[in-house]
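Student: What follows is protein16.cif, made up of mmCIF, C-alpha atoms and all ligand atoms:
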```cif
data_start
loop_
_atom_site.label_atom_id
_atom_site.label_comp_id
_atom_site.auth_asym_id
_atom_site.auth_seq_id
_atom_site.Cartn_x
_atom_site.Cartn_y
_atom_site.Cartn_z
CA MET A 1 0.00 0.00 0.00
CA LYS A 2 1.03 3.55 -0.64
CA LEU A 3 -0.29 6.60 1.15
CA SER A 4 -1.71 8.95 -1.47
CA THR A 5 -1.11 12.05 0.60
CA ILE A 6 1.65 12.20 3.15
CA PRO A 7 0.65 14.33 6.13
CA GLU A 8 2.60 17.53 6.65
CA GLU A 9 4.13 16.29 9.91
CA PHE A 10 6.00 13.72 7.85
CA THR A 11 6.87 15.85 4.83
CA GLU A 12 8.69 18.25 7.12
CA ALA A 13 10.88 15.35 8.26
CA ILE A 14 11.56 13.88 4.82
CA PRO A 15 14.88 15.77 4.46
CA ILE A 16 16.11 13.91 7.55
CA ILE A 17 15.26 10.54 6.06
CA GLN A 18 16.83 11.55 2.76
CA ALA A 19 20.03 12.69 4.42
CA ILE A 20 20.32 9.32 6.17
CA GLU A 21 19.66 7.48 2.92
CA GLN A 22 22.23 9.58 1.07
CA ALA A 23 24.78 8.50 3.66
CA GLY A 24 24.04 4.92 2.64
CA TYR A 25 21.61 3.76 5.34
CA ALA A 26 17.93 2.89 5.46
CA ALA A 27 15.44 5.09 7.34
CA TYR A 28 11.68 4.92 7.87
CA PHE A 29 8.93 6.54 9.83
CA VAL A 30 7.67 4.09 12.45
CA GLY A 31 5.38 3.75 15.45
CA GLY A 32 2.21 5.53 16.46
CA SER A 33 2.52 8.38 13.98
CA VAL A 34 2.30 5.95 11.04
CA ARG A 35 -0.70 4.24 12.62
CA ASP A 36 -2.44 7.57 13.21
CA ALA A 37 -1.64 8.83 9.71
CA ILE A 38 -3.32 5.81 8.14
CA LEU A 39 -6.29 6.10 10.48
CA GLY A 40 -6.46 9.69 9.37
CA ASN A 41 -8.62 10.69 12.28
CA LYS A 42 -6.16 11.75 14.88
CA LYS A 43 -3.70 14.54 15.25
CA ILE A 44 -0.23 13.20 14.55
CA HIS A 45 2.39 13.78 17.19
CA ASP A 46 5.94 12.52 17.70
CA VAL A 47 7.08 11.55 14.26
CA ASP A 48 9.61 8.80 15.05
CA ILE A 49 12.29 7.65 12.65
CA ALA A 50 14.01 4.26 12.68
CA THR A 51 17.25 3.63 10.84
CA SER A 52 19.91 1.05 10.07
CA ALA A 53 22.57 3.64 10.96
CA TYR A 54 24.16 3.23 14.39
CA PRO A 55 23.93 6.20 16.75
CA ALA A 56 27.48 7.39 16.02
CA GLU A 57 26.72 7.16 12.33
CA VAL A 58 23.55 9.22 12.75
CA LYS A 59 25.48 11.86 14.66
CA ALA A 60 28.05 12.07 11.90
CA ILE A 61 25.33 12.96 9.36
CA PHE A 62 23.72 15.93 11.14
CA ARG A 63 25.05 19.21 12.44
CA ARG A 64 22.87 19.45 15.54
CA THR A 65 22.05 16.31 17.54
CA ILE A 66 21.33 15.46 21.16
CA ASP A 67 22.19 12.16 22.85
CA THR A 68 18.68 11.47 24.12
CA GLY A 69 19.00 7.80 24.89
CA ILE A 70 22.11 6.75 23.15
CA GLN A 71 22.38 3.41 24.98
CA HIS A 72 18.96 2.53 23.55
CA GLY A 73 19.96 3.82 20.16
CA THR A 74 18.09 7.12 20.18
CA VAL A 75 19.58 10.37 18.94
CA THR A 76 17.52 13.53 18.62
CA VAL A 77 18.14 15.40 15.40
CA MET A 78 17.40 19.12 15.49
CA GLU A 79 16.24 20.51 12.19
CA LYS A 80 14.94 24.05 11.88
CA ASP A 81 12.55 24.35 14.84
CA ASN A 82 11.72 20.66 15.01
CA ALA A 83 13.28 17.80 16.93
CA TYR A 84 13.13 14.24 15.64
CA GLU A 85 13.98 11.07 17.50
CA VAL A 86 16.06 8.83 15.29
CA THR A 87 16.46 5.34 16.71
CA THR A 88 18.67 2.56 15.41
CA PHE A 89 16.90 -0.68 14.43
CA ARG A 90 17.19 -3.01 17.37
CA THR A 91 16.17 -6.29 18.83
CA GLU A 92 15.67 -6.80 22.51
CA SER A 93 16.59 -10.40 22.91
CA THR A 94 16.65 -11.17 26.61
CA TYR A 95 14.40 -9.63 29.20
CA GLN A 96 15.06 -10.62 32.77
CA ASP A 97 12.89 -8.29 34.73
CA PHE A 98 9.95 -7.81 32.36
CA ARG A 99 10.42 -4.09 32.08
CA ARG A 100 13.74 -3.23 30.57
CA PRO A 101 15.71 -5.15 28.05
CA ASP A 102 18.98 -6.53 29.45
CA HIS A 103 20.66 -4.95 26.56
CA VAL A 104 19.55 -3.78 23.17
CA THR A 105 21.22 -5.21 20.15
CA PHE A 106 21.48 -2.85 17.22
CA VAL A 107 20.70 -4.49 13.92
CA ARG A 108 20.78 -3.40 10.30
CA SER A 109 17.46 -4.97 9.36
CA LEU A 110 14.09 -3.25 9.51
CA ASP A 111 12.35 -6.62 9.76
CA GLU A 112 14.15 -7.50 12.98
CA ASP A 113 13.16 -4.14 14.42
CA LEU A 114 9.48 -4.45 13.53
CA LYS A 115 9.27 -7.98 14.93
CA ARG A 116 9.92 -6.82 18.48
CA ARG A 117 7.24 -4.15 18.45
CA ASP A 118 4.09 -4.58 20.52
CA PHE A 119 1.05 -4.64 18.22
CA THR A 120 0.63 -5.15 14.49
CA ILE A 121 -0.92 -1.68 14.14
CA ASN A 122 2.23 -0.23 15.74
CA ALA A 123 4.63 -2.29 13.63
CA LEU A 124 4.12 -0.47 10.34
CA ALA A 125 6.90 1.47 8.67
CA LEU A 126 6.49 4.30 6.18
CA ARG A 127 9.02 5.11 3.48
CA HIS A 128 9.50 8.74 2.52
CA ASP A 129 7.75 8.06 -0.80
CA GLY A 130 4.59 6.96 1.01
CA THR A 131 5.09 3.17 0.70
CA ILE A 132 3.98 1.26 3.75
CA ILE A 133 5.90 -1.78 4.95
CA ASP A 134 3.50 -4.14 6.65
CA LEU A 135 5.05 -7.45 7.70
CA PHE A 136 2.33 -8.56 10.12
CA ASP A 137 -0.91 -7.57 8.43
CA GLY A 138 -1.20 -4.47 10.54
CA LEU A 139 -3.16 -2.73 7.79
CA THR A 140 -5.88 -5.37 7.90
CA ASP A 141 -6.02 -5.08 11.67
CA LEU A 142 -6.22 -1.29 11.40
CA LYS A 143 -9.10 -1.66 8.99
CA HIS A 144 -10.93 -4.09 11.25
CA GLY A 145 -10.12 -2.17 14.40
CA LEU A 146 -8.13 -4.93 16.06
CA ILE A 147 -5.31 -4.82 18.56
CA ARG A 148 -3.23 -7.91 17.95
CA ALA A 149 0.19 -8.63 19.41
CA VAL A 150 3.01 -9.15 16.93
CA GLY A 151 3.86 -12.86 16.87
CA ILE A 152 3.29 -14.76 20.11
CA PRO A 153 1.51 -12.40 22.54
CA GLU A 154 3.03 -13.91 25.71
CA GLU A 155 6.50 -13.21 24.36
CA ARG A 156 5.66 -9.57 23.71
CA PHE A 157 4.29 -9.17 27.24
CA HIS A 158 7.31 -10.84 28.78
CA GLU A 159 9.51 -8.38 26.93
CA ASP A 160 7.59 -5.45 28.42
CA ALA A 161 4.63 -6.05 30.69
CA LEU A 162 3.44 -2.46 30.27
CA ARG A 163 2.24 -3.52 26.83
CA MET A 164 -0.75 -5.19 28.51
CA MET A 165 -1.83 -1.76 29.78
CA ARG A 166 -1.09 -0.28 26.38
CA ALA A 167 -3.47 -2.83 24.85
CA VAL A 168 -6.42 -1.71 26.97
CA ARG A 169 -5.40 1.92 26.54
CA PHE A 170 -5.49 1.59 22.74
CA GLN A 171 -8.77 -0.29 23.00
CA SER A 172 -10.30 2.79 24.58
CA GLN A 173 -8.32 5.47 22.73
CA LEU A 174 -8.90 4.04 19.26
CA ASN A 175 -12.19 2.30 20.03
CA PHE A 176 -10.68 -0.98 18.79
CA GLU A 177 -11.25 -4.54 19.93
CA LEU A 178 -8.68 -6.90 21.35
CA GLU A 179 -7.91 -9.90 19.21
CA PRO A 180 -8.94 -12.92 21.34
CA LEU A 181 -5.50 -14.55 21.67
CA THR A 182 -3.98 -11.23 22.67
CA GLU A 183 -6.68 -10.74 25.30
CA ALA A 184 -6.28 -14.31 26.57
CA ALA A 185 -2.53 -13.74 26.93
CA ILE A 186 -3.16 -10.62 29.02
CA ALA A 187 -5.49 -12.56 31.30
CA LYS A 188 -2.82 -15.23 31.64
CA GLU A 189 0.14 -12.91 32.15
CA HIS A 190 -1.53 -10.05 34.07
CA GLY A 191 0.65 -10.77 37.11
CA LEU A 192 3.68 -9.44 35.25
CA LEU A 193 2.26 -5.95 35.62
CA ALA A 194 3.42 -5.98 39.24
CA LYS A 195 6.97 -5.53 37.91
CA ILE A 196 6.19 -2.26 36.18
CA ALA A 197 6.82 1.16 37.71
CA VAL A 198 3.55 2.68 38.90
CA GLU A 199 4.25 5.95 37.06
CA ARG A 200 4.16 4.14 33.74
CA ILE A 201 0.94 2.30 34.61
CA HIS A 202 -0.55 5.61 35.76
CA GLU A 203 0.06 7.20 32.37
CA GLU A 204 -1.62 4.37 30.47
CA PHE A 205 -4.53 4.16 32.91
CA VAL A 206 -5.29 7.87 32.52
CA LYS A 207 -5.15 7.59 28.71
CA LEU A 208 -7.57 4.66 28.95
CA LEU A 209 -10.06 6.71 30.97
CA LEU A 210 -9.73 9.74 28.73
CA GLY A 211 -10.25 7.61 25.63
CA GLN A 212 -13.35 7.41 23.47
CA ASN A 213 -14.37 3.92 24.61
CA ARG A 214 -13.41 3.90 28.25
CA ALA A 215 -16.19 1.40 28.97
CA ALA A 216 -14.63 -1.28 26.75
CA GLY A 217 -11.09 -0.59 27.98
CA LEU A 218 -12.20 -0.71 31.60
CA LYS A 219 -14.09 -3.95 31.13
CA THR A 220 -11.00 -5.64 29.73
CA PHE A 221 -8.88 -4.07 32.47
CA VAL A 222 -11.15 -5.73 35.02
CA GLU A 223 -11.90 -9.00 33.22
CA THR A 224 -8.23 -9.77 32.54
CA ASP A 225 -7.42 -8.99 36.20
CA LEU A 226 -4.92 -6.28 35.27
CA TYR A 227 -6.63 -4.10 37.87
CA GLN A 228 -5.52 -6.53 40.58
CA LYS A 229 -1.95 -5.35 40.08
CA CYS A 230 -2.75 -1.66 40.40
CA PRO A 231 -2.44 0.25 43.68
CA GLY A 232 -5.61 0.36 45.75
CA PHE A 233 -7.76 -1.51 43.24
CA ARG A 234 -7.55 -5.06 44.59
CA SER A 235 -11.16 -5.22 45.74
CA ALA A 236 -12.51 -2.53 43.43
CA GLY A 237 -13.45 -4.61 40.40
CA ALA A 238 -17.19 -4.04 40.76
CA ASN A 239 -16.68 -0.32 41.40
CA LEU A 240 -14.58 0.05 38.28
CA LEU A 241 -17.19 -1.77 36.25
CA ARG A 242 -19.80 0.70 37.42
CA ILE A 243 -17.83 3.38 35.58
CA ALA A 244 -18.20 1.30 32.43
CA ASP A 245 -21.99 1.61 32.81
CA LEU A 246 -22.00 5.41 32.87
CA PRO A 247 -22.97 7.39 29.77
CA ASP A 248 -20.08 7.49 27.35
CA GLN A 249 -19.47 11.21 27.37
CA ARG A 250 -15.71 11.75 27.30
CA LEU A 251 -13.63 13.11 30.14
CA VAL A 252 -11.06 15.73 29.24
CA ARG A 253 -9.01 16.33 32.37
CA GLU A 254 -6.67 13.94 34.16
CA LYS A 255 -7.98 15.16 37.50
CA SER A 256 -11.53 14.30 36.43
CA VAL A 257 -10.44 10.72 35.85
CA TRP A 258 -9.22 10.45 39.42
CA LEU A 259 -12.22 12.25 40.83
CA LEU A 260 -14.51 9.75 39.13
CA ILE A 261 -12.43 6.87 40.46
CA ALA A 262 -12.51 8.31 43.98
CA TYR A 263 -16.27 8.76 43.75
CA GLU A 264 -16.96 5.24 42.52
CA LEU A 265 -14.61 3.75 45.10
CA GLY A 266 -16.44 5.74 47.78
CA LEU A 267 -13.27 7.50 48.98
CA ASP A 268 -13.24 10.60 51.16
CA THR A 269 -10.58 13.30 50.81
CA THR A 270 -8.04 11.52 53.00
CA ALA A 271 -8.45 8.17 51.26
CA THR A 272 -8.34 9.87 47.87
CA ARG A 273 -5.08 11.58 48.70
CA HIS A 274 -3.68 8.26 49.88
CA LEU A 275 -4.73 6.49 46.69
CA LEU A 276 -3.20 9.20 44.53
CA ARG A 277 0.05 9.03 46.44
CA GLN A 278 0.12 5.27 45.92
CA TRP A 279 -0.22 5.99 42.21
CA LYS A 280 2.78 8.34 42.48
CA SER A 281 0.85 11.43 41.49
CA SER A 282 2.15 14.98 41.59
CA ASN A 283 1.35 17.06 44.68
CA GLU A 284 -0.83 19.25 42.53
CA LEU A 285 -2.97 16.32 41.44
CA VAL A 286 -3.19 14.98 45.00
CA ASN A 287 -4.35 18.37 46.31
CA ASN A 288 -6.78 19.16 43.53
CA VAL A 289 -8.51 15.81 43.47
CA GLY A 290 -8.54 15.62 47.27
CA ASN A 291 -10.37 18.97 47.43
CA ASN A 292 -12.58 18.18 44.48
CA VAL A 293 -13.99 15.11 46.26
CA THR A 294 -15.65 17.42 48.77
CA LEU A 295 -16.75 19.80 46.08
CA LEU A 296 -18.31 17.00 44.04
CA ALA A 297 -20.39 15.94 47.02
CA LYS A 298 -21.67 19.52 47.25
CA PHE A 299 -22.39 19.61 43.51
CA LEU A 300 -24.37 16.42 43.75
CA ALA A 301 -26.30 17.79 46.74
CA ASP A 302 -26.80 21.06 44.83
CA HIS A 303 -25.24 22.95 47.69
CA ILE A 304 -22.64 25.21 46.17
CA THR A 305 -21.78 28.52 47.75
CA ASN A 306 -19.96 31.43 46.18
CA TRP A 307 -17.07 30.62 48.45
CA ASP A 308 -16.91 27.08 47.03
CA LEU A 309 -16.72 28.48 43.51
CA TYR A 310 -14.07 30.98 44.52
CA ALA A 311 -11.92 28.56 46.49
CA ALA A 312 -11.94 25.91 43.76
CA GLY A 313 -11.05 28.13 40.81
CA LEU A 314 -12.44 27.67 37.33
CA ASP A 315 -10.48 24.64 36.20
CA ASN A 316 -11.38 22.59 39.27
CA LEU A 317 -15.01 23.62 38.87
CA LEU A 318 -15.03 22.47 35.29
CA SER A 319 -13.43 19.20 36.34
CA VAL A 320 -16.00 18.58 39.07
CA ASN A 321 -18.72 19.50 36.63
CA GLU A 322 -17.40 17.00 34.08
CA VAL A 323 -17.79 14.24 36.62
CA ALA A 324 -21.09 15.49 38.01
CA THR A 325 -22.45 15.56 34.47
CA LEU A 326 -21.47 11.92 33.94
CA LEU A 327 -23.26 11.11 37.18
CA GLY A 328 -26.34 12.91 35.92
CA ALA A 329 -26.12 16.05 38.04
CA GLY A 330 -23.96 18.56 36.24
CA GLN A 331 -24.77 22.08 35.12
CA THR A 332 -24.10 23.33 31.64
CA SER A 333 -20.60 24.74 31.47
CA ALA A 334 -22.13 28.05 30.42
CA THR A 335 -24.16 28.29 33.64
CA LEU A 336 -21.10 27.45 35.65
CA MET A 337 -18.90 29.95 33.84
CA THR A 338 -21.53 32.64 34.37
CA ALA A 339 -21.78 31.87 38.08
CA TYR A 340 -18.01 31.96 38.34
CA SER A 341 -17.57 35.16 36.39
CA SER A 342 -20.21 36.89 38.51
CA LEU A 343 -18.08 36.49 41.62
CA ALA A 344 -17.10 39.87 43.05
CA ILE A 345 -13.44 38.86 43.09
CA HIS A 346 -11.51 35.85 41.82
CA ASP A 347 -8.34 36.27 43.78
CA LYS A 348 -7.48 37.90 47.08
CA HIS A 349 -5.27 40.40 45.29
CA GLU A 350 -8.43 41.84 43.79
CA LEU A 351 -9.63 42.87 47.23
CA ALA A 352 -9.85 46.70 47.34
CA VAL A 353 -7.61 46.83 50.43
CA ASN A 354 -4.37 45.16 51.39
CA GLY A 355 -2.50 44.67 54.68
CA ALA A 356 -0.72 48.01 54.46
CA ASN A 357 -4.04 49.85 53.97
CA LEU A 358 -5.50 48.17 57.03
CA ILE A 359 -2.48 49.11 59.15
CA GLN A 360 -2.30 52.71 57.98
CA GLN A 361 -5.96 53.51 57.57
CA ALA A 362 -7.90 51.22 59.91
CA GLY A 363 -5.44 51.04 62.79
CA VAL A 364 -4.90 47.28 62.61
CA LYS A 365 -1.63 46.14 64.17
CA PRO A 366 0.69 43.93 62.16
CA GLY A 367 0.39 40.28 63.28
CA PRO A 368 -1.94 37.32 63.08
CA LEU A 369 -5.05 39.46 63.59
CA LEU A 370 -4.27 41.30 60.36
CA GLY A 371 -4.38 38.03 58.45
CA ASP A 372 -7.65 37.05 60.15
CA ILE A 373 -9.27 40.34 59.27
CA LEU A 374 -8.15 40.16 55.65
CA ALA A 375 -9.50 36.63 55.41
CA LYS A 376 -12.87 37.72 56.83
CA LEU A 377 -13.11 40.62 54.40
CA GLU A 378 -12.26 38.30 51.53
CA GLN A 379 -14.95 35.87 52.62
CA GLN A 380 -17.61 38.56 52.99
CA VAL A 381 -16.82 40.11 49.63
CA VAL A 382 -17.00 36.72 47.92
CA GLU A 383 -20.31 35.98 49.62
CA ASN A 384 -21.61 39.41 48.50
CA GLN A 385 -22.09 40.52 52.11
CA LEU A 386 -19.72 43.39 51.62
CA ALA A 387 -19.00 45.64 48.63
CA ASN A 388 -15.48 45.48 47.31
CA ASP A 389 -14.64 49.16 47.71
CA LYS A 390 -12.03 50.66 49.93
CA ALA A 391 -14.31 52.69 52.18
CA SER A 392 -16.62 49.76 52.95
CA LEU A 393 -13.72 47.44 53.60
CA LEU A 394 -11.92 49.87 55.92
CA ALA A 395 -15.14 50.44 57.84
CA ALA A 396 -15.72 46.70 58.11
CA ALA A 397 -12.15 46.20 59.32
CA LYS A 398 -12.65 48.80 62.06
CA GLU A 399 -15.85 46.97 63.10
CA LEU A 400 -13.93 43.73 63.33
CA LEU A 401 -11.37 45.37 65.63
CA ASN A 402 -14.04 46.09 68.24
N1 LIG B 1 6.08 -0.93 25.29
C1 LIG B 1 6.24 -0.56 24.04
C2 LIG B 1 6.24 0.81 23.71
C3 LIG B 1 6.42 1.16 22.38
N2 LIG B 1 6.62 0.22 21.43
C4 LIG B 1 6.84 0.59 20.01
O1 LIG B 1 7.32 1.93 19.95
C5 LIG B 1 6.40 2.75 19.22
C6 LIG B 1 6.35 4.16 19.81
O2 LIG B 1 5.98 4.08 21.17
P1 LIG B 1 5.07 5.16 21.92
O3 LIG B 1 5.33 6.52 21.38
O4 LIG B 1 5.22 4.92 23.36
O5 LIG B 1 3.58 4.71 21.57
P2 LIG B 1 2.73 4.97 20.29
O6 LIG B 1 2.33 3.66 19.71
O7 LIG B 1 3.47 5.90 19.39
O8 LIG B 1 1.43 5.66 20.86
P3 LIG B 1 1.19 7.22 21.18
O9 LIG B 1 0.33 7.70 20.07
O10 LIG B 1 0.50 7.24 22.47
O11 LIG B 1 2.53 7.88 21.23
C7 LIG B 1 5.09 1.97 19.26
O12 LIG B 1 4.23 2.32 18.20
C8 LIG B 1 5.58 0.55 19.16
O13 LIG B 1 5.97 0.24 17.84
C9 LIG B 1 6.59 -1.13 21.77
O14 LIG B 1 6.75 -1.98 20.90
N3 LIG B 1 6.43 -1.50 23.07
MG MG B 2 4.32 7.79 19.99
#
```
Using structure tokens, write down the structure that the file contains.
Ligand SMILES: Nc1ccn([C@@H]2O[C@H](COP(=O)(O)OP(=O)(O)OP(=O)(O)O)[C@@H](O)[C@H]2O)c(=O)n1
Ligand SMILES: [Mg+2]
Tutor:
Amino acid sequence: MKLSTIPEEFTEAIPIIQAIEQAGYAAYFVGGSVRDAILGNKKIHDVDIATSAYPAEVKAIFRRTIDTGIQHGTVTVMEKDNAYEVTTFRTESTYQDFRRPDHVTFVRSLDEDLKRRDFTINALALRHDGTIIDLFDGLTDLKHGLIRAVGIPEERFHEDALRMMRAVRFQSQLNFELEPLTEAAIAKEHGLLAKIAVERIHEEFVKLLLGQNRAAGLKTFVETDLYQKCPGFRSAGANLLRIADLPDQRLVREKSVWLLIAYELGLDTTATRHLLRQWKSSNELVNNVGNNVTLLAKFLADHITNWDLYAAGLDNLLSVNEVATLLGAGQTSATLMTAYSSLAIHDKHELAVNGANLIQQAGVKPGPLLGDILAKLEQQVVENQLANDKASLLAAAKELLN
């Protein structure tokens, strides 16, 4: 097969491929970008190049390169404003710990390289003239919407157990089905996932839940027992399946994914924070989702105050609303945005007085009381109990001193 039109993301990189070929080596586009280009329905990102040239040979061809992962064969080539990862063809023959190859062996053959890739739809190569190299019938699988391991599925999962999570992630992201032998191998080998760093599982799990068919991905995640090897999920199979029964409106924020999980697992703020720490989340995610658990409960009870809106900030509100909507209790985003924009202030710096004003003009002494008074003024302004003008605020501060 030949692609009739080569997407712009690739054409920009063709000079790189040509330069490698002129130096006497082979070079192809590979990986997810080729898959997405053929699907034609997804924005292409990360155009990856694979080559028969060894890293030192790649570096000799280009003026500006970065040693990104030279031991794995990857050199980044800088060209104009773009950066391209150029990786030497490789086989990963022995895997001892199911997550990292013992060593990579660089090879000169494209076939060897494609053979060790995870799924047939990810094992396609694209020549700069648009010709597609398809050794494992990946094009047929793309057409039928099938995720099928290259070769013997168990072998692929022993090489890298994260691939089992990638399978369910692609199932959701692409709205594909799992080929039965591939799915059976995941069910059989799910225990290998315990060897994988939680951060990597986290990334795939979030992509699964943000995908277009999260219900299907989640069902496989539960039915194959992959979930058993994820932090905090051991007895949550039924809870996770409940998410699969929700309307299939898509989630857009990572924090919404975790809020939904926390809700369905019945976790309070403390338990949510604990779960997110187990999943090695950033402090920001831990804090936001922890707070949003309380806010969601208020949303569902239709008990939102101005202060709740103010304290959460717009992005958390939209996240909580995403989840509330899935649960059948959201507001339209327009209503929410209007409520939020009608707040008297959106940040304490918008308060018409500051600490210095209170000291100089209301006779407040520096110290903890000053902070208390400012906080009270902030609260009253947000709740529309006090106008946000200097005179009113100074008068209110004097009141509070008595
Ligand atoms: N565990 C993995 C990870 C990656 N790959 C191969 O490396 C390519 C690039 O990997 P990556 O960018 O992680 O995934 P993509 O398939 O490109 O998906 P995405 O669109 O999310 O980047 C994959 O297509 C696949 O050929 C693999 O075989 N096994
Ligand atoms: Mg990619």
Student: Which residues of chain A have any atom within 9 Å of an atom in ligand MG 2 (chain B) when counting all atoms listed in the file, and what is the closest pair of atoms for each, with the distance in Å to one decimal? Order the rows by chain and rising number and write it as a Markdown table.
Tutor:
```
| residue | atom | partner | partner_atom | distance |
| --- | --- | --- | --- | --- |
| A:Gly31 | CA | B:MG2 | MG | 6.2 |
| A:Gly32 | CA | B:MG2 | MG | 4.7 |
| A:Ser33 | CA | B:MG2 | MG | 6.3 |
| A:Ile44 | CA | B:MG2 | MG | 8.9 |
| A:His45 | CA | B:MG2 | MG | 6.9 |
| A:Asp46 | CA | B:MG2 | MG | 5.5 |
| A:Val47 | CA | B:MG2 | MG | 7.4 |
| A:Asp48 | CA | B:MG2 | MG | 7.3 |
```
Student: Counting all atoms listed in the file, which protein, DNA or RNA residues come within 8 Å of ligand LIG 1 (chain B), given as a VMD selection string?
Tutor: chain A and resid 30 to 33 35 to 36 44 to 46 48 114 116 to 119 121 to 124 160 to 163 166
Student: In Å, rounded to a single decimal, give me how far atom CA of Leu317 of chain A is from atom CA of Ala339 of chain A.
Tutor: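 For atom CA of Ala339 of chain A relative to atom CA of Leu317 of chain A, the distance reads 10.7 Å.
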Student: In Å, with one decimal, what is the gap from atom CA of Glu378 of chain A to atom CA of Lys348 of chain A?
Tutor: 6.5 Å
Student: Which of these, A:Ala187, A:Ala53, A:Leu400, A:Leu240, has the shortest distance to Glu154 of chain A once you count all atoms listed in the file?
Tutor: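 Checking each of A:Ala187, A:Ala53, A:Leu400, A:Leu240 against Glu154 of chain A, counting all atoms listed in the file, the winner is A:Ala187.
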Student: Record the distance separating atom CA of Val107 of chain A and atom CA of Thr91 of chain A, expressed in Å with one decimal.
Tutor: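 Interatomic distance, atom CA of Val107 of chain A to atom CA of Thr91 of chain A: 6.9 Å.
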Student: So which one's closest to Ile152 of chain A, A:Ser392, A:Gln360, A:Val382, A:Thr120? Using only C-alpha atoms, please.
Tutor: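 The shortest atom-to-atom distance to Ile152 of chain A comes from A:Thr120.
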Student: Can you tell me, as a VMD selection string, which residues sit within 10 Å of (25.3, 9.6, 3.2) in the file's frame, using all atoms listed in the file?
Tutor: chain A and resid 18 to 25 57 to 58 60 to 61
Student: Please list as an MDAnalysis selection string every residue within 7 Å of segment 280-286 of chain A, counting only C-alpha atoms and excluding residues in the same chain fewer than 4 positions away.
Tutor: chainID A and resid 198:199 255 273 276 290
Student: Measuring between all atoms listed in the file, which one of A:Leu174, A:Leu295, A:Ile14, A:Ala329 shows the shortest distance to Ala311 of chain A?
Tutor: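 When distances to Ala311 of chain A are compared using all atoms listed in the file, the smallest one comes from A:Leu295.
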Student: When you look at Ala167 of chain A with a cut-off of 10 Å (counting only C-alpha atoms), what residues show up, excluding the ones that are within fewer than 6 positions of it in the same chain? I need them as a VMD selection string.
Tutor: chain A and resid 118 to 119 147 to 149 173 176 to 178 182 to 183 186 204 208 217 220 to 221
Student: Please write out, as AutoDock Vina command-line options, where the centre of an axis-aligned box around all listed atoms of segment 287-300 of chain A lies and how long its edges are, in Å to one decimal, after adding 3 Å on each side.
Tutor:
```
--center_x -14.4 --center_y 17.5 --center_z 46.1 --size_x 26.0 --size_y 10.7 --size_z 11.3
```
Student: I need the residue nearest Leu226 of chain A from this list: A:Ile132, A:Ala301, A:Ala194, A:Ala244. Use only C-alpha atoms for the distance.
Tutor: A:Ala194
Student: Excluding Leu394 of chain A and any residue of its chain fewer than 5 positions from it, enumerate the residues within 9 Å of it, using all atoms listed in the file, and give them as a ChimeraX atom specification.
Tutor: /A:353,357-358,361-362,389,399
Student: Using the selection just defined, write its residues with C-alpha atoms as a PDB file, in the coordinates of the input.
Tutor:
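Final output, saved to again-v5.pdb:
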```
ATOM      1  CA  VAL A 353      -7.610  46.830  50.430  1.00  0.00           C
ATOM      2  CA  ASN A 357      -4.040  49.850  53.970  1.00  0.00           C
ATOM      3  CA  LEU A 358      -5.500  48.170  57.030  1.00  0.00           C
ATOM      4  CA  GLN A 361      -5.960  53.510  57.570  1.00  0.00           C
ATOM      5  CA  ALA A 362      -7.900  51.220  59.910  1.00  0.00           C
ATOM      6  CA  ASP A 389     -14.640  49.160  47.710  1.00  0.00           C
ATOM      7  CA  GLU A 399     -15.850  46.970  63.100  1.00  0.00           C
TER       8      GLU A 399
END
```
Student: From the list A:Ala312, A:Val150, A:Val320, A:Leu39, which residue is nearest Leu135 of chain A when using only C-alpha atoms?
Tutor: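 The closest residue to Leu135 of chain A is A:Val150.
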Student: With distances taken over only C-alpha atoms, which of A:Gly367, A:Pro180, A:Gly328, A:Gly232 is nearest to Gln278 of chain A?
Tutor: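 Closest candidate: A:Gly232.
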Student: Give as a VMD selection string every residue, naming chains and numbers as the document does, that has an atom within 12 Å of (-9.0, 9.1, 7.2), counting only C-alpha atoms.
Tutor: chain A and resid 3 to 7 35 to 43 142 to 143
Student: Could you pull the residues within 8 Å of Val104 of chain A, counting all atoms listed in the file, minus those fewer than 5 positions along the same chain, as a PyMOL selection string?
Tutor: chain A and resi 71-72+90-93
Student: Would you mind exporting C-alpha atoms of the selected residues as a PDB file, in the frame of the given file?
Tutor:
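Saved the output as selection-v8.pdb:
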```
ATOM      1  CA  GLN A  71      22.380   3.410  24.980  1.00  0.00           C
ATOM      2  CA  HIS A  72      18.960   2.530  23.550  1.00  0.00           C
ATOM      3  CA  ARG A  90      17.190  -3.010  17.370  1.00  0.00           C
ATOM      4  CA  THR A  91      16.170  -6.290  18.830  1.00  0.00           C
ATOM      5  CA  GLU A  92      15.670  -6.800  22.510  1.00  0.00           C
ATOM      6  CA  SER A  93      16.590 -10.400  22.910  1.00  0.00           C
TER       7      SER A  93
END
```
